[in-house]
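Pasted below: protein_24.cif, mmCIF, N, CA, C and O atoms.
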```cif
data_structure
#
loop_
_atom_site.label_atom_id
_atom_site.label_comp_id
_atom_site.auth_asym_id
_atom_site.auth_seq_id
_atom_site.Cartn_x
_atom_site.Cartn_y
_atom_site.Cartn_z
N MET L 7 -15.10 9.82 21.66
CA MET L 7 -16.44 9.40 21.28
C MET L 7 -17.35 10.62 21.16
O MET L 7 -17.22 11.57 21.92
N ALA L 8 -18.28 10.57 20.22
CA ALA L 8 -19.26 11.63 20.02
C ALA L 8 -20.64 11.01 19.95
O ALA L 8 -20.79 9.83 19.63
N ARG L 9 -21.65 11.83 20.28
CA ARG L 9 -23.04 11.37 20.19
C ARG L 9 -23.88 12.53 19.71
O ARG L 9 -23.79 13.64 20.24
N LYS L 10 -24.68 12.27 18.69
CA LYS L 10 -25.59 13.26 18.13
C LYS L 10 -26.98 12.65 18.04
O LYS L 10 -27.14 11.51 17.62
N ARG L 11 -27.98 13.46 18.44
CA ARG L 11 -29.39 13.10 18.23
C ARG L 11 -29.89 13.98 17.10
O ARG L 11 -29.69 15.20 17.13
N VAL L 12 -30.51 13.37 16.10
CA VAL L 12 -31.05 14.13 14.97
C VAL L 12 -32.53 13.84 14.82
O VAL L 12 -32.99 12.73 15.09
N VAL L 13 -33.27 14.85 14.41
CA VAL L 13 -34.68 14.70 14.07
C VAL L 13 -34.83 15.20 12.64
O VAL L 13 -34.49 16.35 12.34
N ILE L 14 -35.31 14.33 11.77
CA ILE L 14 -35.39 14.60 10.34
C ILE L 14 -36.85 14.79 9.96
O ILE L 14 -37.69 13.94 10.27
N SER L 15 -37.14 15.89 9.28
CA SER L 15 -38.52 16.13 8.83
C SER L 15 -38.56 16.20 7.31
O SER L 15 -37.55 16.44 6.65
N GLY L 16 -39.74 15.99 6.78
CA GLY L 16 -39.96 15.96 5.34
C GLY L 16 -40.75 14.70 5.00
O GLY L 16 -41.48 14.17 5.83
N ASP L 17 -40.57 14.20 3.79
CA ASP L 17 -41.19 12.93 3.39
C ASP L 17 -40.18 11.83 3.73
O ASP L 17 -39.40 11.40 2.89
N VAL L 18 -40.18 11.44 5.02
CA VAL L 18 -39.14 10.55 5.52
C VAL L 18 -39.67 9.25 6.13
O VAL L 18 -38.87 8.42 6.57
N GLN L 19 -40.98 9.07 6.17
CA GLN L 19 -41.55 7.80 6.63
C GLN L 19 -42.15 7.07 5.43
O GLN L 19 -42.67 7.69 4.51
N GLY L 20 -42.01 5.74 5.45
CA GLY L 20 -42.53 4.94 4.35
C GLY L 20 -41.64 4.95 3.13
O GLY L 20 -42.08 4.60 2.03
N VAL L 21 -40.37 5.37 3.31
CA VAL L 21 -39.42 5.45 2.19
C VAL L 21 -38.12 4.69 2.50
O VAL L 21 -37.09 4.96 1.92
N PHE L 22 -38.20 3.74 3.45
CA PHE L 22 -37.06 2.91 3.86
C PHE L 22 -35.95 3.72 4.53
O PHE L 22 -34.78 3.34 4.51
N PHE L 23 -36.32 4.84 5.17
CA PHE L 23 -35.33 5.68 5.84
C PHE L 23 -34.64 4.91 6.96
O PHE L 23 -33.42 4.90 7.06
N ARG L 24 -35.43 4.26 7.82
CA ARG L 24 -34.84 3.58 8.98
C ARG L 24 -33.93 2.44 8.58
O ARG L 24 -32.82 2.30 9.11
N ASP L 25 -34.36 1.60 7.66
CA ASP L 25 -33.53 0.46 7.26
C ASP L 25 -32.27 0.92 6.55
O ASP L 25 -31.19 0.39 6.79
N THR L 26 -32.39 1.93 5.71
CA THR L 26 -31.21 2.46 5.02
C THR L 26 -30.26 3.09 6.02
O THR L 26 -29.04 2.95 5.92
N CYS L 27 -30.80 3.78 7.02
CA CYS L 27 -29.99 4.38 8.08
C CYS L 27 -29.23 3.29 8.84
O CYS L 27 -28.02 3.44 9.12
N ARG L 28 -29.91 2.22 9.18
CA ARG L 28 -29.27 1.11 9.89
C ARG L 28 -28.12 0.53 9.09
O ARG L 28 -27.03 0.29 9.61
N ARG L 29 -28.33 0.35 7.80
CA ARG L 29 -27.28 -0.20 6.94
C ARG L 29 -26.11 0.77 6.81
O ARG L 29 -24.95 0.36 6.85
N GLU L 30 -26.39 2.05 6.67
CA GLU L 30 -25.33 3.06 6.56
C GLU L 30 -24.53 3.15 7.86
O GLU L 30 -23.31 3.29 7.84
N ALA L 31 -25.21 3.05 8.99
CA ALA L 31 -24.52 3.07 10.29
C ALA L 31 -23.58 1.87 10.41
O ALA L 31 -22.47 2.00 10.94
N ALA L 32 -24.00 0.72 9.91
CA ALA L 32 -23.14 -0.47 9.95
C ALA L 32 -21.89 -0.25 9.10
O ALA L 32 -20.78 -0.60 9.51
N VAL L 33 -22.05 0.36 7.94
CA VAL L 33 -20.91 0.66 7.07
C VAL L 33 -19.94 1.61 7.77
O VAL L 33 -18.72 1.44 7.72
N GLN L 34 -20.50 2.61 8.46
CA GLN L 34 -19.66 3.61 9.13
C GLN L 34 -19.12 3.13 10.48
O GLN L 34 -18.25 3.77 11.05
N GLY L 35 -19.64 2.02 11.00
CA GLY L 35 -19.22 1.54 12.31
C GLY L 35 -19.73 2.41 13.44
O GLY L 35 -19.05 2.59 14.46
N VAL L 36 -20.94 2.95 13.27
CA VAL L 36 -21.55 3.84 14.25
C VAL L 36 -22.64 3.09 15.00
O VAL L 36 -23.43 2.35 14.40
N ALA L 37 -22.70 3.28 16.31
CA ALA L 37 -23.74 2.68 17.15
C ALA L 37 -24.91 3.65 17.27
O ALA L 37 -24.80 4.83 16.93
N GLY L 38 -26.05 3.14 17.77
CA GLY L 38 -27.19 4.00 18.02
C GLY L 38 -28.50 3.36 17.65
O GLY L 38 -28.63 2.13 17.66
N TRP L 39 -29.45 4.20 17.28
CA TRP L 39 -30.78 3.71 16.94
C TRP L 39 -31.51 4.74 16.08
O TRP L 39 -31.10 5.90 15.98
N VAL L 40 -32.61 4.28 15.46
CA VAL L 40 -33.45 5.14 14.63
C VAL L 40 -34.90 4.69 14.82
O VAL L 40 -35.17 3.52 15.05
N ARG L 41 -35.84 5.67 14.78
CA ARG L 41 -37.25 5.33 14.91
C ARG L 41 -38.11 6.40 14.25
O ARG L 41 -37.70 7.56 14.13
N ASN L 42 -39.30 5.99 13.82
CA ASN L 42 -40.31 6.93 13.36
C ASN L 42 -40.96 7.56 14.59
O ASN L 42 -41.15 6.89 15.60
N LEU L 43 -41.34 8.84 14.48
CA LEU L 43 -42.09 9.50 15.52
C LEU L 43 -43.52 9.73 15.04
O LEU L 43 -43.76 9.82 13.83
N PRO L 44 -44.49 9.81 15.97
CA PRO L 44 -45.89 9.95 15.57
C PRO L 44 -46.18 11.19 14.72
O PRO L 44 -47.15 11.19 13.97
N ASP L 45 -45.35 12.22 14.80
CA ASP L 45 -45.60 13.45 14.03
C ASP L 45 -45.10 13.39 12.59
O ASP L 45 -45.15 14.37 11.86
N GLY L 46 -44.60 12.22 12.16
CA GLY L 46 -44.14 12.06 10.78
C GLY L 46 -42.65 12.28 10.59
O GLY L 46 -42.14 12.13 9.48
N THR L 47 -41.94 12.63 11.67
CA THR L 47 -40.49 12.80 11.58
C THR L 47 -39.79 11.48 11.90
O THR L 47 -40.42 10.51 12.32
N VAL L 48 -38.48 11.47 11.70
CA VAL L 48 -37.64 10.34 12.07
C VAL L 48 -36.60 10.86 13.05
O VAL L 48 -36.01 11.92 12.83
N GLU L 49 -36.39 10.12 14.14
CA GLU L 49 -35.39 10.48 15.15
C GLU L 49 -34.30 9.41 15.13
O GLU L 49 -34.60 8.22 15.03
N ALA L 50 -33.05 9.84 15.26
CA ALA L 50 -31.94 8.90 15.30
C ALA L 50 -30.88 9.40 16.26
O ALA L 50 -30.72 10.61 16.47
N VAL L 51 -30.15 8.46 16.83
CA VAL L 51 -28.98 8.75 17.66
C VAL L 51 -27.80 8.04 17.03
O VAL L 51 -27.88 6.84 16.71
N PHE L 52 -26.73 8.79 16.83
CA PHE L 52 -25.49 8.25 16.27
C PHE L 52 -24.39 8.42 17.31
O PHE L 52 -24.19 9.52 17.83
N GLU L 53 -23.67 7.35 17.58
CA GLU L 53 -22.62 7.41 18.59
C GLU L 53 -21.39 6.66 18.09
O GLU L 53 -21.51 5.55 17.57
N GLY L 54 -20.23 7.28 18.24
CA GLY L 54 -18.99 6.64 17.82
C GLY L 54 -17.89 7.66 17.60
O GLY L 54 -17.90 8.75 18.18
N GLU L 55 -16.94 7.30 16.76
CA GLU L 55 -15.82 8.18 16.44
C GLU L 55 -16.37 9.46 15.79
O GLU L 55 -17.25 9.37 14.93
N PRO L 56 -15.91 10.63 16.22
CA PRO L 56 -16.52 11.89 15.76
C PRO L 56 -16.65 12.04 14.24
O PRO L 56 -17.70 12.47 13.76
N GLY L 57 -15.64 11.68 13.48
CA GLY L 57 -15.72 11.81 12.03
C GLY L 57 -16.79 10.92 11.42
O GLY L 57 -17.50 11.31 10.48
N ARG L 58 -16.95 9.73 11.96
CA ARG L 58 -17.97 8.80 11.46
C ARG L 58 -19.37 9.26 11.85
O ARG L 58 -20.32 9.12 11.07
N VAL L 59 -19.51 9.80 13.06
CA VAL L 59 -20.80 10.35 13.48
C VAL L 59 -21.19 11.50 12.57
O VAL L 59 -22.34 11.61 12.13
N GLU L 60 -20.24 12.36 12.23
CA GLU L 60 -20.52 13.48 11.32
C GLU L 60 -20.95 12.98 9.95
O GLU L 60 -21.81 13.58 9.30
N LYS L 61 -20.36 11.88 9.48
CA LYS L 61 -20.78 11.30 8.20
C LYS L 61 -22.24 10.85 8.26
O LYS L 61 -22.98 11.01 7.29
N MET L 62 -22.65 10.31 9.40
CA MET L 62 -24.05 9.91 9.54
C MET L 62 -24.97 11.12 9.59
O MET L 62 -26.06 11.09 9.01
N VAL L 63 -24.55 12.18 10.25
CA VAL L 63 -25.34 13.42 10.27
C VAL L 63 -25.47 13.96 8.86
O VAL L 63 -26.56 14.36 8.43
N ASP L 64 -24.37 13.95 8.11
CA ASP L 64 -24.42 14.40 6.71
C ASP L 64 -25.37 13.52 5.91
O ASP L 64 -26.16 14.02 5.10
N TRP L 65 -25.30 12.21 6.13
CA TRP L 65 -26.19 11.28 5.42
C TRP L 65 -27.64 11.61 5.75
O TRP L 65 -28.51 11.57 4.87
N ALA L 66 -27.95 11.94 7.00
CA ALA L 66 -29.32 12.22 7.41
C ALA L 66 -29.91 13.41 6.65
O ALA L 66 -31.11 13.49 6.46
N HIS L 67 -29.06 14.33 6.20
CA HIS L 67 -29.54 15.47 5.42
C HIS L 67 -30.01 15.06 4.02
O HIS L 67 -30.72 15.82 3.37
N GLU L 68 -29.60 13.87 3.59
CA GLU L 68 -30.00 13.36 2.27
C GLU L 68 -30.97 12.19 2.40
O GLU L 68 -31.97 12.12 1.71
N GLY L 69 -30.63 11.24 3.29
CA GLY L 69 -31.43 10.05 3.45
C GLY L 69 -31.34 9.15 2.24
O GLY L 69 -30.51 9.34 1.35
N PRO L 70 -32.22 8.15 2.17
CA PRO L 70 -32.24 7.26 1.01
C PRO L 70 -32.77 8.00 -0.21
O PRO L 70 -33.40 9.06 -0.07
N PRO L 71 -32.57 7.45 -1.40
CA PRO L 71 -32.99 8.15 -2.62
C PRO L 71 -34.48 8.49 -2.67
O PRO L 71 -34.86 9.48 -3.29
N THR L 72 -35.33 7.72 -2.00
CA THR L 72 -36.77 7.95 -2.06
C THR L 72 -37.26 9.00 -1.05
O THR L 72 -38.42 9.39 -1.09
N ALA L 73 -36.39 9.45 -0.15
CA ALA L 73 -36.76 10.43 0.87
C ALA L 73 -36.65 11.86 0.34
O ALA L 73 -35.84 12.14 -0.54
N ILE L 74 -37.46 12.73 0.91
CA ILE L 74 -37.33 14.17 0.67
C ILE L 74 -37.13 14.80 2.05
O ILE L 74 -38.06 14.90 2.84
N VAL L 75 -35.89 15.19 2.33
CA VAL L 75 -35.54 15.77 3.63
C VAL L 75 -35.70 17.28 3.55
O VAL L 75 -35.07 17.94 2.73
N ASP L 76 -36.56 17.80 4.42
CA ASP L 76 -36.77 19.25 4.49
C ASP L 76 -35.88 19.91 5.53
O ASP L 76 -35.37 21.00 5.31
N GLU L 77 -35.72 19.25 6.67
CA GLU L 77 -34.97 19.86 7.78
C GLU L 77 -34.39 18.78 8.67
O GLU L 77 -35.00 17.73 8.86
N VAL L 78 -33.21 19.06 9.22
CA VAL L 78 -32.58 18.16 10.19
C VAL L 78 -32.13 19.00 11.38
O VAL L 78 -31.35 19.94 11.22
N SER L 79 -32.66 18.68 12.55
CA SER L 79 -32.17 19.34 13.76
C SER L 79 -31.17 18.40 14.42
O SER L 79 -31.40 17.19 14.50
N VAL L 80 -30.05 18.97 14.87
CA VAL L 80 -28.94 18.17 15.41
C VAL L 80 -28.66 18.64 16.83
O VAL L 80 -28.54 19.85 17.08
N HIS L 81 -28.55 17.68 17.74
CA HIS L 81 -28.31 17.99 19.15
C HIS L 81 -27.13 17.16 19.66
O HIS L 81 -27.13 15.94 19.48
N ASP L 82 -26.15 17.80 20.26
CA ASP L 82 -25.03 17.10 20.89
C ASP L 82 -25.50 16.49 22.21
O ASP L 82 -26.26 17.11 22.95
N GLU L 83 -25.04 15.27 22.49
CA GLU L 83 -25.34 14.60 23.74
C GLU L 83 -24.10 13.91 24.26
O GLU L 83 -23.13 13.70 23.51
N GLN L 84 -24.13 13.52 25.52
CA GLN L 84 -23.03 12.77 26.11
C GLN L 84 -23.08 11.32 25.63
O GLN L 84 -24.14 10.70 25.68
N PRO L 85 -21.96 10.78 25.14
CA PRO L 85 -21.95 9.37 24.73
C PRO L 85 -22.32 8.46 25.88
O PRO L 85 -22.01 8.73 27.04
N GLN L 86 -23.01 7.37 25.55
CA GLN L 86 -23.47 6.41 26.55
C GLN L 86 -22.86 5.02 26.37
O GLN L 86 -23.25 4.08 27.03
N GLY L 87 -21.93 4.90 25.43
CA GLY L 87 -21.29 3.60 25.22
C GLY L 87 -22.17 2.59 24.52
O GLY L 87 -22.08 1.39 24.79
N LEU L 88 -23.04 3.06 23.62
CA LEU L 88 -23.92 2.15 22.89
C LEU L 88 -23.12 1.18 22.04
O LEU L 88 -22.03 1.50 21.55
N VAL L 89 -23.69 0.01 21.83
CA VAL L 89 -23.09 -1.01 20.98
C VAL L 89 -24.15 -1.44 19.97
O VAL L 89 -25.29 -1.72 20.35
N GLY L 90 -23.79 -1.49 18.70
CA GLY L 90 -24.73 -1.90 17.67
C GLY L 90 -25.69 -0.78 17.28
O GLY L 90 -25.67 0.30 17.87
N PHE L 91 -26.49 -1.05 16.28
CA PHE L 91 -27.45 -0.06 15.79
C PHE L 91 -28.77 -0.77 15.56
O PHE L 91 -28.81 -1.82 14.94
N GLU L 92 -29.86 -0.19 16.09
CA GLU L 92 -31.15 -0.85 16.00
C GLU L 92 -32.24 0.09 15.49
O GLU L 92 -32.14 1.31 15.61
N ILE L 93 -33.27 -0.53 14.94
CA ILE L 93 -34.49 0.19 14.59
C ILE L 93 -35.44 0.01 15.76
O ILE L 93 -35.79 -1.12 16.12
N ARG L 94 -35.84 1.12 16.36
CA ARG L 94 -36.74 1.09 17.51
C ARG L 94 -38.17 1.31 17.07
O ARG L 94 -38.42 1.96 16.06
N PRO L 95 -39.12 0.81 17.87
CA PRO L 95 -40.54 1.04 17.53
C PRO L 95 -40.94 2.50 17.75
O PRO L 95 -40.32 3.22 18.52
N THR L 96 -41.99 2.89 17.06
CA THR L 96 -42.54 4.23 17.21
C THR L 96 -43.13 4.37 18.61
O THR L 96 -43.92 3.52 19.02
N PRO L 97 -42.76 5.43 19.35
CA PRO L 97 -43.36 5.62 20.68
C PRO L 97 -44.79 6.14 20.55
O PRO L 97 -45.12 6.85 19.60
N PHE L 98 -45.61 5.82 21.52
CA PHE L 98 -47.00 6.28 21.50
C PHE L 98 -47.30 7.07 22.74
O PHE L 98 -46.71 6.99 23.74
#
```
Let me see whether you can do it: turn the structure in this file into structure tokens.
Amino acid sequence: MARKRVVISGDVQGVFFRDTCRREAAVQGVAGWVRNLPDGTVEAVFEGEPGRVEKMVDWAHEGPPTAIVDEVSVHDEQPQGLVGFEIRPTPF
């Protein structure tokens, strides 16, 4: 199992990034979550089989067709055994 936390910057809010990410994670069979952050970035955690997690990280560099991704920071983390993929609310 692998787990990656990514923070995506650019024109990534208001372009269906989170919903498209959720759908792509379902296709890849990856667990985790995605949320908008107050600074205009999007944060996501991908957890699952290493090759599938890497596909999600690769996807995050492109995002949905309406997104403009400027930068993606990737952080390795210890897997936590997540199940399913959810869109989380923006923290305040």
Residue members of the PyMOL selection byres (((chain L and resi 90 and name CA) around 9) and name CA) in the file shown, as a ChimeraX atom specification: /L:31-32,35-39,88-89,91-92
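If you count only C-alpha atoms and draw a sphere of 9 Å around (-44.3, 3.2, 19.5), the protein and nucleic acid residues inside it come out as Arg41, Asn42, Leu43, Pro44, Arg94, Pro95, Thr96, Pro97 and Phe98 of chain L.
What separates atom N of Gln19 (chain L) from CA of Thr72 (chain L) is a distance of 9.3 Å.
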Neighbour list for region 10-12 of chain L as JSON, numbers by chain, cut-off 6 Å, only C-alpha atoms, skip fewer than 2 positions in-chain: {"L": [49, 50, 51, 52, 79, 80, 81, 82, 83]}
All strand (DSSP E or B) positions in chain L, as number ranges by chain: L: 8-17, 37-42, 48-54, 74-82, 91-93
Distance query Gly16 (chain L) at most 5 Å, only N, CA, C and O atoms, self and fewer than 3 positions along chain excluded, as a PyMOL selection string: chain L and resi 46+74-76
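Closest to Ile14 (chain L) among L:Val78, L:Gln34, L:Arg29, L:Met62 is L:Val78, based on all atoms listed in the file.
CA of Gly57 (chain L) is found 22.2 Å from CA of Ile93 (chain L).
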Given the block above, output region 20-32 of chain L with all heavy atoms as a short mmCIF file (atom, residue, chain, number, x, y, z; two decimals), in the first residue's frame.
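Output below, filename part.cif:
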```cif
data_model
loop_
_atom_site.label_atom_id
_atom_site.label_comp_id
_atom_site.auth_asym_id
_atom_site.auth_seq_id
_atom_site.Cartn_x
_atom_site.Cartn_y
_atom_site.Cartn_z
N GLY L 20 -13.36 25.80 -8.60
CA GLY L 20 -14.45 26.25 -9.45
C GLY L 20 -14.38 25.68 -10.85
O GLY L 20 -15.03 26.20 -11.76
N VAL L 21 -13.60 24.59 -11.03
CA VAL L 21 -13.44 23.98 -12.35
C VAL L 21 -13.73 22.47 -12.30
O VAL L 21 -13.28 21.72 -13.15
CB VAL L 21 -12.02 24.24 -12.92
CG1 VAL L 21 -11.81 25.71 -13.20
CG2 VAL L 21 -10.93 23.70 -11.99
N PHE L 22 -14.50 22.04 -11.28
CA PHE L 22 -14.89 20.64 -11.09
C PHE L 22 -13.70 19.73 -10.78
O PHE L 22 -13.72 18.54 -11.06
CB PHE L 22 -15.68 20.12 -12.29
CG PHE L 22 -16.97 20.86 -12.49
CD1 PHE L 22 -17.06 21.86 -13.45
CD2 PHE L 22 -18.06 20.60 -11.70
CE1 PHE L 22 -18.22 22.57 -13.63
CE2 PHE L 22 -19.24 21.30 -11.87
CZ PHE L 22 -19.32 22.29 -12.84
N PHE L 23 -12.64 20.30 -10.19
CA PHE L 23 -11.45 19.51 -9.87
C PHE L 23 -11.79 18.39 -8.88
O PHE L 23 -11.44 17.24 -9.08
CB PHE L 23 -10.35 20.40 -9.28
CG PHE L 23 -8.98 19.80 -9.39
CD1 PHE L 23 -8.09 20.23 -10.35
CD2 PHE L 23 -8.56 18.80 -8.51
CE1 PHE L 23 -6.83 19.67 -10.46
CE2 PHE L 23 -7.31 18.25 -8.61
CZ PHE L 23 -6.44 18.68 -9.59
N ARG L 24 -12.49 18.74 -7.80
CA ARG L 24 -12.77 17.75 -6.76
C ARG L 24 -13.66 16.62 -7.26
O ARG L 24 -13.38 15.44 -7.01
CB ARG L 24 -13.41 18.42 -5.54
CG ARG L 24 -12.46 19.35 -4.81
CD ARG L 24 -13.16 20.14 -3.73
NE ARG L 24 -14.22 20.94 -4.33
CZ ARG L 24 -15.26 21.42 -3.69
NH1 ARG L 24 -15.41 21.20 -2.40
NH2 ARG L 24 -16.16 22.16 -4.31
N ASP L 25 -14.73 16.95 -7.96
CA ASP L 25 -15.63 15.91 -8.44
C ASP L 25 -14.95 15.02 -9.48
O ASP L 25 -15.11 13.80 -9.47
CB ASP L 25 -16.91 16.51 -9.01
CG ASP L 25 -17.93 15.43 -9.34
OD1 ASP L 25 -18.29 14.66 -8.41
OD2 ASP L 25 -18.33 15.33 -10.50
N THR L 26 -14.18 15.63 -10.36
CA THR L 26 -13.46 14.84 -11.36
C THR L 26 -12.42 13.96 -10.69
O THR L 26 -12.23 12.80 -11.08
CB THR L 26 -12.80 15.76 -12.41
OG1 THR L 26 -13.80 16.65 -12.93
CG2 THR L 26 -12.20 14.97 -13.55
N CYS L 27 -11.76 14.47 -9.66
CA CYS L 27 -10.79 13.69 -8.90
C CYS L 27 -11.47 12.48 -8.25
O CYS L 27 -10.94 11.36 -8.30
CB CYS L 27 -10.13 14.58 -7.85
SG CYS L 27 -8.85 13.78 -6.88
N ARG L 28 -12.62 12.71 -7.65
CA ARG L 28 -13.37 11.61 -7.02
C ARG L 28 -13.72 10.53 -8.02
O ARG L 28 -13.56 9.34 -7.77
CB ARG L 28 -14.65 12.16 -6.36
CG ARG L 28 -15.49 11.09 -5.67
CD ARG L 28 -16.82 11.65 -5.18
NE ARG L 28 -17.58 12.31 -6.23
CZ ARG L 28 -18.31 11.68 -7.16
NH1 ARG L 28 -18.36 10.37 -7.19
NH2 ARG L 28 -18.98 12.37 -8.06
N ARG L 29 -14.17 10.94 -9.20
CA ARG L 29 -14.53 9.97 -10.23
C ARG L 29 -13.31 9.21 -10.74
O ARG L 29 -13.36 8.00 -10.95
CB ARG L 29 -15.27 10.65 -11.38
CG ARG L 29 -16.71 11.02 -10.97
CD ARG L 29 -17.53 11.57 -12.12
NE ARG L 29 -17.24 13.00 -12.26
CZ ARG L 29 -16.96 13.59 -13.40
NH1 ARG L 29 -16.93 12.92 -14.53
NH2 ARG L 29 -16.71 14.89 -13.43
N GLU L 30 -12.20 9.91 -10.93
CA GLU L 30 -10.97 9.27 -11.40
C GLU L 30 -10.44 8.29 -10.34
O GLU L 30 -9.96 7.20 -10.68
CB GLU L 30 -9.90 10.31 -11.72
CG GLU L 30 -8.65 9.75 -12.34
CD GLU L 30 -8.85 9.10 -13.70
OE1 GLU L 30 -9.82 9.45 -14.41
OE2 GLU L 30 -8.03 8.24 -14.06
N ALA L 31 -10.54 8.65 -9.07
CA ALA L 31 -10.11 7.75 -8.00
C ALA L 31 -10.95 6.48 -8.00
O ALA L 31 -10.42 5.38 -7.77
CB ALA L 31 -10.19 8.46 -6.65
N ALA L 32 -12.24 6.61 -8.26
CA ALA L 32 -13.11 5.43 -8.33
C ALA L 32 -12.68 4.52 -9.48
O ALA L 32 -12.63 3.29 -9.32
CB ALA L 32 -14.57 5.85 -8.49
#
```
